[in-house]
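S.K.: Take this structure first; my questions come after.
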Amino acid sequence: MAAAPVSAPLLRRYRDEFPIFRNAIYLNSCSLGPLSRRSRLRVNQYLDQWESRGAAAWYDTWWSALSELRDRYGRMIGASGSAIALHPNISTALTSVAETLDYRQRRRVVITRLDFPTVAYQWLARAGEGVELVMLDTPDGVQVPLEAFERAVDDRTALVATSHVFFTSGAIQDVRALADIAHRRGALLLIDGYHAVGQLPVDVAVLGPDFYCAGGLKWLLGGSGIAFLYVRPELTGTLQTRATGWFSHRDQFRFDPGELVLHDDARRFEAGTPGMGAVYAQLGGLDVLEELGAAEIRRVTMGLTEELIERARAAGLRPKVAVDPAVRSGIVMLPSDDPAGDVRRLASANVITDARPAHVRVSPYFYNVSDDFGALLELLKS
Ligand SMILES: Cc1ncc(COP(=O)(O)O)c(C=O)c1O
């Protein structure tokens, strides 16, 4: 079911946008999205402002770059910028949620074995306060059946915290169904969308999570140091996080240490000064993604993913991916007896992938082409 490829001039344009392709075949966007020319331009712009204007740039330039980024992150997931809090990484975004919930009546948090460990750590760290982590198992290492959530979520559950796309299998979860399960039992739903936003169209109004986080590192092409937390607007005013700072204060330039009055909007979940270099790198990455649009990115990435899976099977490999192609995404796990060694050997042939337990993880994105798979499959099949 390979999708029609992007037209040749368009593809050339987007491939040229990422200088790494001059020296390498980059197939590792799900670890770190490659640097685009546009991100470099934007970061240079920031450095020029810092050099020439110093702190004066805060008031008329950098402050508006922050609200621009909140708005643009919001648009990527169908939300308003006022529902977005900026964070330096997913872990701090999760901490601000973990520090918001009241565990006295409902002490359980339901997660799955396939979620990224930083999700679990938030609540393992609160075991001393009586918080209980319920970890759902996976029958196949690829997905977790909805029935497992149905069975686990009850009136002891404060939160279901799980992934939109699993980092270790690329399988897409049915967020709408998860929201319904959580809400029917009076629990909240937090979604780690680090592997979804950018490569999939996401609309939180349709999917219905209470919290949704993602960030620049991977599919949003923004590099490290910038992430976001969406908070469902109807909920925001009722929540108060203890992981806070002066950026959550409604009137932060009053510098009043005597009173903490939180923003009415999602900024109440922010804490301190953002890394502006990371903000600018992310704005550049979004320039590219917005131009293409999430639907087109999904179409092209799906085509490449399906082609890789087919060719891997033809080469005698057994990719670990979801059975149903509709819930696959741009993460393909290829079995390997020596993942670290294979990743090293591939790197010496200028093919950049990543190692995960028993697998080489390959993540095609819209700037890849069929030819990028040749050397990879040749090396892994032998
Ligand atoms: C799905 C997922 N969530 C969270 C993280 C960790 O995020 P951070 O380092 O931004 O806290 C990763 C790391 O790669 C990840 O893949």
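We label chains A, B, ... in the order they appear in the structure tokens, count residues from 1 in each chain, and number ligands from 1 in the order shown.
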Tell me, counting only C-alpha atoms and all ligand atoms, for each residue of chain A within 7 Å of ligand 1, which pair of atoms is nearest and how far apart they are in Å to one decimal, in rows ordered by chain and increasing number, as a Markdown table.
M.R.:
```
| residue | atom | partner | partner_atom_place_in_ligand_line | distance |
| --- | --- | --- | --- | --- |
| A:Ser31 | CA | ligand 1 | 14 (O) | 6.2 |
| A:Asn89 | CA | ligand 1 | 10 (O) | 3.6 |
| A:Ile90 | CA | ligand 1 | 11 (O) | 3.8 |
| A:Ser91 | CA | ligand 1 | 11 (O) | 3.6 |
| A:Thr92 | CA | ligand 1 | 11 (O) | 6.6 |
| A:Asp115 | CA | ligand 1 | 1 (C) | 6.6 |
| A:Phe116 | CA | ligand 1 | 2 (C) | 4.9 |
| A:Thr118 | CA | ligand 1 | 4 (C) | 6.0 |
| A:Val119 | CA | ligand 1 | 4 (C) | 7.0 |
| A:Ser163 | CA | ligand 1 | 1 (C) | 6.6 |
| A:Phe166 | CA | ligand 1 | 1 (C) | 6.6 |
| A:Phe167 | CA | ligand 1 | 1 (C) | 5.2 |
| A:Asp192 | CA | ligand 1 | 3 (N) | 6.0 |
| A:Gly193 | CA | ligand 1 | 1 (C) | 6.8 |
| A:Tyr194 | CA | ligand 1 | 1 (C) | 5.0 |
| A:His195 | CA | ligand 1 | 1 (C) | 5.9 |
| A:Ala227 | CA | ligand 1 | 10 (O) | 6.9 |
```
S.K.: I want to know what sits within 8 Å of Asn350 in chain A, based on only C-alpha atoms, with residues of the same chain fewer than 6 positions away left out; could you give that as a list in words?
M.R.: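 Listing them by chain and then by number gives Asn23, Ala24 and Ile25 of chain A.
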S.K.: So how many Å separate CA of Tyr26 in chain A and CA of Val351 in chain A, to one decimal?
M.R.: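 Value for the CA of Tyr26 in chain A-CA of Val351 in chain A distance: 6.1 Å.
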S.K.: Between A:Met135, A:Leu27, A:Leu124, A:Leu47, which has the minimum distance to Asp372 in chain A (counting only C-alpha atoms)?
M.R.: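 Smallest distance to Asp372 in chain A is found for A:Leu27.
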S.K.: Considering only strand (DSSP E or B) as DSSP defines it on the backbone, what residues of range 135-353 of chain A qualify? List them as a PyMOL selection string.
M.R.: chain A and resi 135-136+157-163+165+172+188-192+197+200+211-215+227-231+249+262+320+332-335+351-352
S.K.: Would you mind writing down, as number ranges by chain, each residue of range 119-276 of chain A that DSSP on the backbone assigns to alpha helix (DSSP H)?
M.R.: A: 119-124, 146-152, 175-184, 204-207, 233-236, 276
S.K.: Residues near Leu146 in chain A, anyone? I mean within 9 Å using only C-alpha atoms, not counting same-chain ones fewer than 3 positions away, as an mmCIF file with all heavy atoms, in the first residue's frame.
M.R.:
```
data_model
loop_
_atom_site.group_PDB
_atom_site.id
_atom_site.type_symbol
_atom_site.label_atom_id
_atom_site.label_comp_id
_atom_site.auth_asym_id
_atom_site.auth_seq_id
_atom_site.Cartn_x
_atom_site.Cartn_y
_atom_site.Cartn_z
ATOM 1 N N PHE A 149 -6.966 -1.881 29.518
ATOM 2 C CA PHE A 149 -7.284 -0.595 30.171
ATOM 3 C C PHE A 149 -8.661 -0.690 30.815
ATOM 4 O O PHE A 149 -8.872 -0.233 31.936
ATOM 5 C CB PHE A 149 -7.258 0.545 29.149
ATOM 6 C CG PHE A 149 -5.873 0.930 28.674
ATOM 7 C CD1 PHE A 149 -5.337 0.402 27.510
ATOM 8 C CD2 PHE A 149 -5.114 1.838 29.398
ATOM 9 C CE1 PHE A 149 -4.064 0.770 27.064
ATOM 10 C CE2 PHE A 149 -3.838 2.209 28.966
ATOM 11 C CZ PHE A 149 -3.323 1.671 27.796
ATOM 12 N N GLU A 150 -9.609 -1.265 30.066
ATOM 13 C CA GLU A 150 -10.985 -1.408 30.589
ATOM 14 C C GLU A 150 -10.964 -2.098 31.950
ATOM 15 O O GLU A 150 -11.653 -1.695 32.881
ATOM 16 C CB GLU A 150 -11.850 -2.270 29.643
ATOM 17 C CG GLU A 150 -12.142 -1.667 28.297
ATOM 18 C CD GLU A 150 -13.385 -0.785 28.316
ATOM 19 O OE1 GLU A 150 -13.898 -0.499 29.417
ATOM 20 O OE2 GLU A 150 -13.816 -0.367 27.212
ATOM 21 N N ARG A 151 -10.147 -3.161 32.045
ATOM 22 C CA ARG A 151 -10.113 -3.927 33.297
ATOM 23 C C ARG A 151 -9.405 -3.169 34.418
ATOM 24 O O ARG A 151 -9.779 -3.254 35.569
ATOM 25 C CB ARG A 151 -9.388 -5.265 33.055
ATOM 26 C CG ARG A 151 -10.272 -6.328 32.407
ATOM 27 C CD ARG A 151 -9.613 -7.706 32.493
ATOM 28 N NE ARG A 151 -8.318 -7.746 31.818
ATOM 29 C CZ ARG A 151 -8.171 -8.000 30.524
ATOM 30 N NH1 ARG A 151 -9.227 -8.240 29.769
ATOM 31 N NH2 ARG A 151 -6.970 -8.037 29.980
ATOM 32 N N GLN A 173 -1.881 4.274 19.402
ATOM 33 C CA GLN A 173 -2.999 3.914 20.283
ATOM 34 C C GLN A 173 -4.251 4.720 19.929
ATOM 35 O O GLN A 173 -4.162 5.830 19.393
ATOM 36 C CB GLN A 173 -2.635 4.171 21.735
ATOM 37 C CG GLN A 173 -1.533 3.274 22.260
ATOM 38 C CD GLN A 173 -1.719 2.947 23.738
ATOM 39 O OE1 GLN A 173 -2.345 1.935 24.077
ATOM 40 N NE2 GLN A 173 -1.180 3.763 24.591
ATOM 41 N N ASP A 174 -5.396 4.145 20.276
ATOM 42 C CA ASP A 174 -6.683 4.792 20.038
ATOM 43 C C ASP A 174 -6.953 5.744 21.221
ATOM 44 O O ASP A 174 -7.550 5.353 22.232
ATOM 45 C CB ASP A 174 -7.756 3.704 19.924
ATOM 46 C CG ASP A 174 -9.116 4.278 19.580
ATOM 47 O OD1 ASP A 174 -9.315 5.506 19.751
ATOM 48 O OD2 ASP A 174 -9.992 3.496 19.162
ATOM 49 N N ALA A 177 -10.592 6.280 22.378
ATOM 50 C CA ALA A 177 -11.132 5.179 23.189
ATOM 51 C C ALA A 177 -10.544 5.228 24.599
ATOM 52 O O ALA A 177 -11.250 4.973 25.586
ATOM 53 C CB ALA A 177 -10.824 3.836 22.529
ATOM 54 N N LEU A 178 -9.277 5.575 24.711
ATOM 55 C CA LEU A 178 -8.645 5.663 26.043
ATOM 56 C C LEU A 178 -9.287 6.775 26.870
ATOM 57 O O LEU A 178 -9.511 6.627 28.078
ATOM 58 C CB LEU A 178 -7.140 5.915 25.905
ATOM 59 C CG LEU A 178 -6.317 4.763 25.313
ATOM 60 C CD1 LEU A 178 -4.890 5.218 25.024
ATOM 61 C CD2 LEU A 178 -6.314 3.568 26.263
ATOM 62 N N ILE A 181 -12.585 5.520 28.168
ATOM 63 C CA ILE A 181 -12.417 4.570 29.279
ATOM 64 C C ILE A 181 -12.080 5.329 30.565
ATOM 65 O O ILE A 181 -12.677 5.105 31.626
ATOM 66 C CB ILE A 181 -11.296 3.547 28.953
ATOM 67 C CG1 ILE A 181 -11.745 2.627 27.807
ATOM 68 C CG2 ILE A 181 -10.916 2.729 30.189
ATOM 69 C CD1 ILE A 181 -10.635 1.746 27.248
#
```
S.K.: Quick one: residues within 7 Å of Arg268 in chain A, only C-alpha atoms, excluding same-chain residues fewer than 4 positions away - as a PyMOL selection string?
M.R.: chain A and resi 248-249+262-264
S.K.: Range 182-189 of chain A: which residues within 12 Å, counting only C-alpha atoms, same-chain residues fewer than 6 positions away excluded, as a compact mmCIF listing (two decimals) with C-alpha atoms, in the first residue's frame?
M.R.:
```
# COMPACT_ATOMS: atom_id res chain seq x y z
CA VAL A 97 1.08 17.08 35.98
CA ALA A 98 2.22 14.60 38.64
CA THR A 100 -1.06 18.61 40.27
CA LEU A 101 -3.08 15.54 41.10
CA ASP A 102 -4.69 14.77 44.42
CA TYR A 103 -3.94 11.13 45.22
CA GLN A 105 -9.07 9.51 47.09
CA ARG A 106 -7.57 7.94 43.98
CA ARG A 107 -4.04 6.67 44.48
CA ARG A 108 -3.54 4.71 41.24
CA VAL A 109 -1.90 5.70 37.99
CA VAL A 110 -2.29 3.27 35.08
CA ILE A 111 0.51 3.07 32.52
CA LEU A 146 -7.97 -1.68 25.08
CA PHE A 149 -7.28 -0.59 30.17
CA GLU A 150 -10.99 -1.41 30.59
CA ARG A 151 -10.11 -3.93 33.30
CA ALA A 152 -7.51 -1.82 35.09
CA VAL A 153 -9.14 1.61 35.27
CA ASP A 154 -11.59 2.00 38.14
CA ASP A 155 -12.62 4.40 40.89
CA ARG A 156 -9.17 4.10 42.46
CA THR A 157 -7.54 5.51 39.30
CA ALA A 158 -6.45 9.15 39.32
CA LEU A 159 -4.82 9.06 35.91
CA VAL A 160 -4.17 6.94 32.83
CA ALA A 161 -0.78 7.99 31.45
CA THR A 162 0.31 6.40 28.20
CA SER A 163 1.69 7.02 24.71
CA HIS A 164 -0.01 8.11 21.54
CA VAL A 175 -6.58 7.94 22.19
CA ARG A 176 -10.31 8.62 21.81
CA VAL A 204 -6.99 17.02 20.81
CA LEU A 207 -9.18 12.74 20.78
CA GLY A 208 -10.21 14.14 24.17
CA PRO A 209 -7.13 13.80 26.44
CA ASP A 210 -6.87 16.00 29.53
CA PHE A 211 -3.12 16.43 29.15
CA TYR A 212 -1.01 15.92 26.03
CA CYS A 213 2.72 16.50 25.73
CA TYR A 230 -1.41 20.85 26.54
CA VAL A 231 -4.01 21.09 29.29
CA ARG A 232 -7.71 20.76 28.44
CA LEU A 235 -9.80 21.77 33.47
```
S.K.: Write out as a list in words the residues lying within 7 Å of Leu283 in chain A, counting only C-alpha atoms and excluding same-chain residues fewer than 4 positions away.
M.R.: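 Contacts, with the query itself left out: Ser39, Leu69, Val279 and Asp287 of chain A.
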S.K.: At a cut-off of 10 Å, using only C-alpha atoms, what residues contact Pro34 in chain A? Leave out same-chain residues fewer than 4 positions from it and give the result as a VMD selection string.
M.R.: chain A and resid 17 to 21 26 to 30 39 217 to 223 285
S.K.: Would you mind exporting the chosen residues as a PDB file, in the first residue's frame, restricted to N, CA and C atoms?
M.R.:
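Output file out23.pdb is given in full below:
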```pdb
ATOM      1  N   GLU A  17      16.943  20.786   2.399  1.00  0.00           N
ATOM      2  CA  GLU A  17      16.726  21.570   3.624  1.00  0.00           C
ATOM      3  C   GLU A  17      17.510  20.979   4.813  1.00  0.00           C
ATOM      4  N   PHE A  18      17.906  19.702   4.685  1.00  0.00           N
ATOM      5  CA  PHE A  18      18.585  19.009   5.791  1.00  0.00           C
ATOM      6  C   PHE A  18      19.993  18.600   5.363  1.00  0.00           C
ATOM      7  N   PRO A  19      21.002  19.420   5.691  1.00  0.00           N
ATOM      8  CA  PRO A  19      22.364  19.188   5.198  1.00  0.00           C
ATOM      9  C   PRO A  19      22.939  17.819   5.564  1.00  0.00           C
ATOM     10  N   ILE A  20      22.394  17.161   6.585  1.00  0.00           N
ATOM     11  CA  ILE A  20      22.962  15.868   6.977  1.00  0.00           C
ATOM     12  C   ILE A  20      22.944  14.874   5.810  1.00  0.00           C
ATOM     13  N   PHE A  21      21.986  15.045   4.888  1.00  0.00           N
ATOM     14  CA  PHE A  21      21.886  14.095   3.771  1.00  0.00           C
ATOM     15  C   PHE A  21      23.048  14.227   2.779  1.00  0.00           C
ATOM     16  N   TYR A  26      20.068   9.386   6.649  1.00  0.00           N
ATOM     17  CA  TYR A  26      19.571   9.570   8.005  1.00  0.00           C
ATOM     18  C   TYR A  26      18.237   8.859   8.169  1.00  0.00           C
ATOM     19  N   LEU A  27      18.212   7.862   9.040  1.00  0.00           N
ATOM     20  CA  LEU A  27      16.990   7.087   9.275  1.00  0.00           C
ATOM     21  C   LEU A  27      16.717   6.997  10.778  1.00  0.00           C
ATOM     22  N   ASN A  28      16.939   8.106  11.464  1.00  0.00           N
ATOM     23  CA  ASN A  28      16.838   8.079  12.914  1.00  0.00           C
ATOM     24  C   ASN A  28      16.076   9.281  13.475  1.00  0.00           C
ATOM     25  N   SER A  29      15.031   9.712  12.765  1.00  0.00           N
ATOM     26  CA  SER A  29      14.278  10.894  13.213  1.00  0.00           C
ATOM     27  C   SER A  29      13.572  10.656  14.532  1.00  0.00           C
ATOM     28  N   CYS A  30      13.305   9.398  14.878  1.00  0.00           N
ATOM     29  CA  CYS A  30      12.586   9.192  16.139  1.00  0.00           C
ATOM     30  C   CYS A  30      13.521   9.244  17.339  1.00  0.00           C
ATOM     31  N   SER A  39      16.068  25.966  10.807  1.00  0.00           N
ATOM     32  CA  SER A  39      16.369  26.057  12.249  1.00  0.00           C
ATOM     33  C   SER A  39      17.678  26.801  12.451  1.00  0.00           C
ATOM     34  N   LEU A 217      12.354  17.479  19.975  1.00  0.00           N
ATOM     35  CA  LEU A 217      13.495  16.590  19.772  1.00  0.00           C
ATOM     36  C   LEU A 217      13.423  15.698  18.530  1.00  0.00           C
ATOM     37  N   LYS A 218      12.233  15.205  18.242  1.00  0.00           N
ATOM     38  CA  LYS A 218      12.131  14.131  17.252  1.00  0.00           C
ATOM     39  C   LYS A 218      11.416  14.621  16.000  1.00  0.00           C
ATOM     40  N   TRP A 219      10.144  14.297  15.908  1.00  0.00           N
ATOM     41  CA  TRP A 219       9.381  14.524  14.680  1.00  0.00           C
ATOM     42  C   TRP A 219       9.053  15.994  14.465  1.00  0.00           C
ATOM     43  N   LEU A 220       9.216  16.837  15.482  1.00  0.00           N
ATOM     44  CA  LEU A 220       8.917  18.260  15.302  1.00  0.00           C
ATOM     45  C   LEU A 220      10.152  19.061  14.894  1.00  0.00           C
ATOM     46  N   LEU A 221      11.266  18.378  14.722  1.00  0.00           N
ATOM     47  CA  LEU A 221      12.473  18.963  14.112  1.00  0.00           C
ATOM     48  C   LEU A 221      12.955  20.217  14.831  1.00  0.00           C
ATOM     49  N   GLY A 222      12.837  20.220  16.159  1.00  0.00           N
ATOM     50  CA  GLY A 222      13.231  21.416  16.911  1.00  0.00           C
ATOM     51  C   GLY A 222      14.471  21.228  17.763  1.00  0.00           C
ATOM     52  N   GLY A 223      15.034  20.028  17.778  1.00  0.00           N
ATOM     53  CA  GLY A 223      16.213  19.793  18.605  1.00  0.00           C
ATOM     54  C   GLY A 223      15.859  19.662  20.081  1.00  0.00           C
ATOM     55  N   GLY A 285      12.001  24.527  12.664  1.00  0.00           N
ATOM     56  CA  GLY A 285      11.474  23.194  12.337  1.00  0.00           C
ATOM     57  C   GLY A 285       9.995  23.268  11.975  1.00  0.00           C
TER      58      GLY A 285
END
```
S.K.: By how many Å are CA of Leu94 in chain A and CA of Leu286 in chain A apart?
M.R.: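 Distance between the two atoms: 22.9 Å.
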S.K.: So what do you get for CA of Ala243 in chain A versus CA of Leu190 in chain A, distance-wise?
M.R.: 16.9 Å
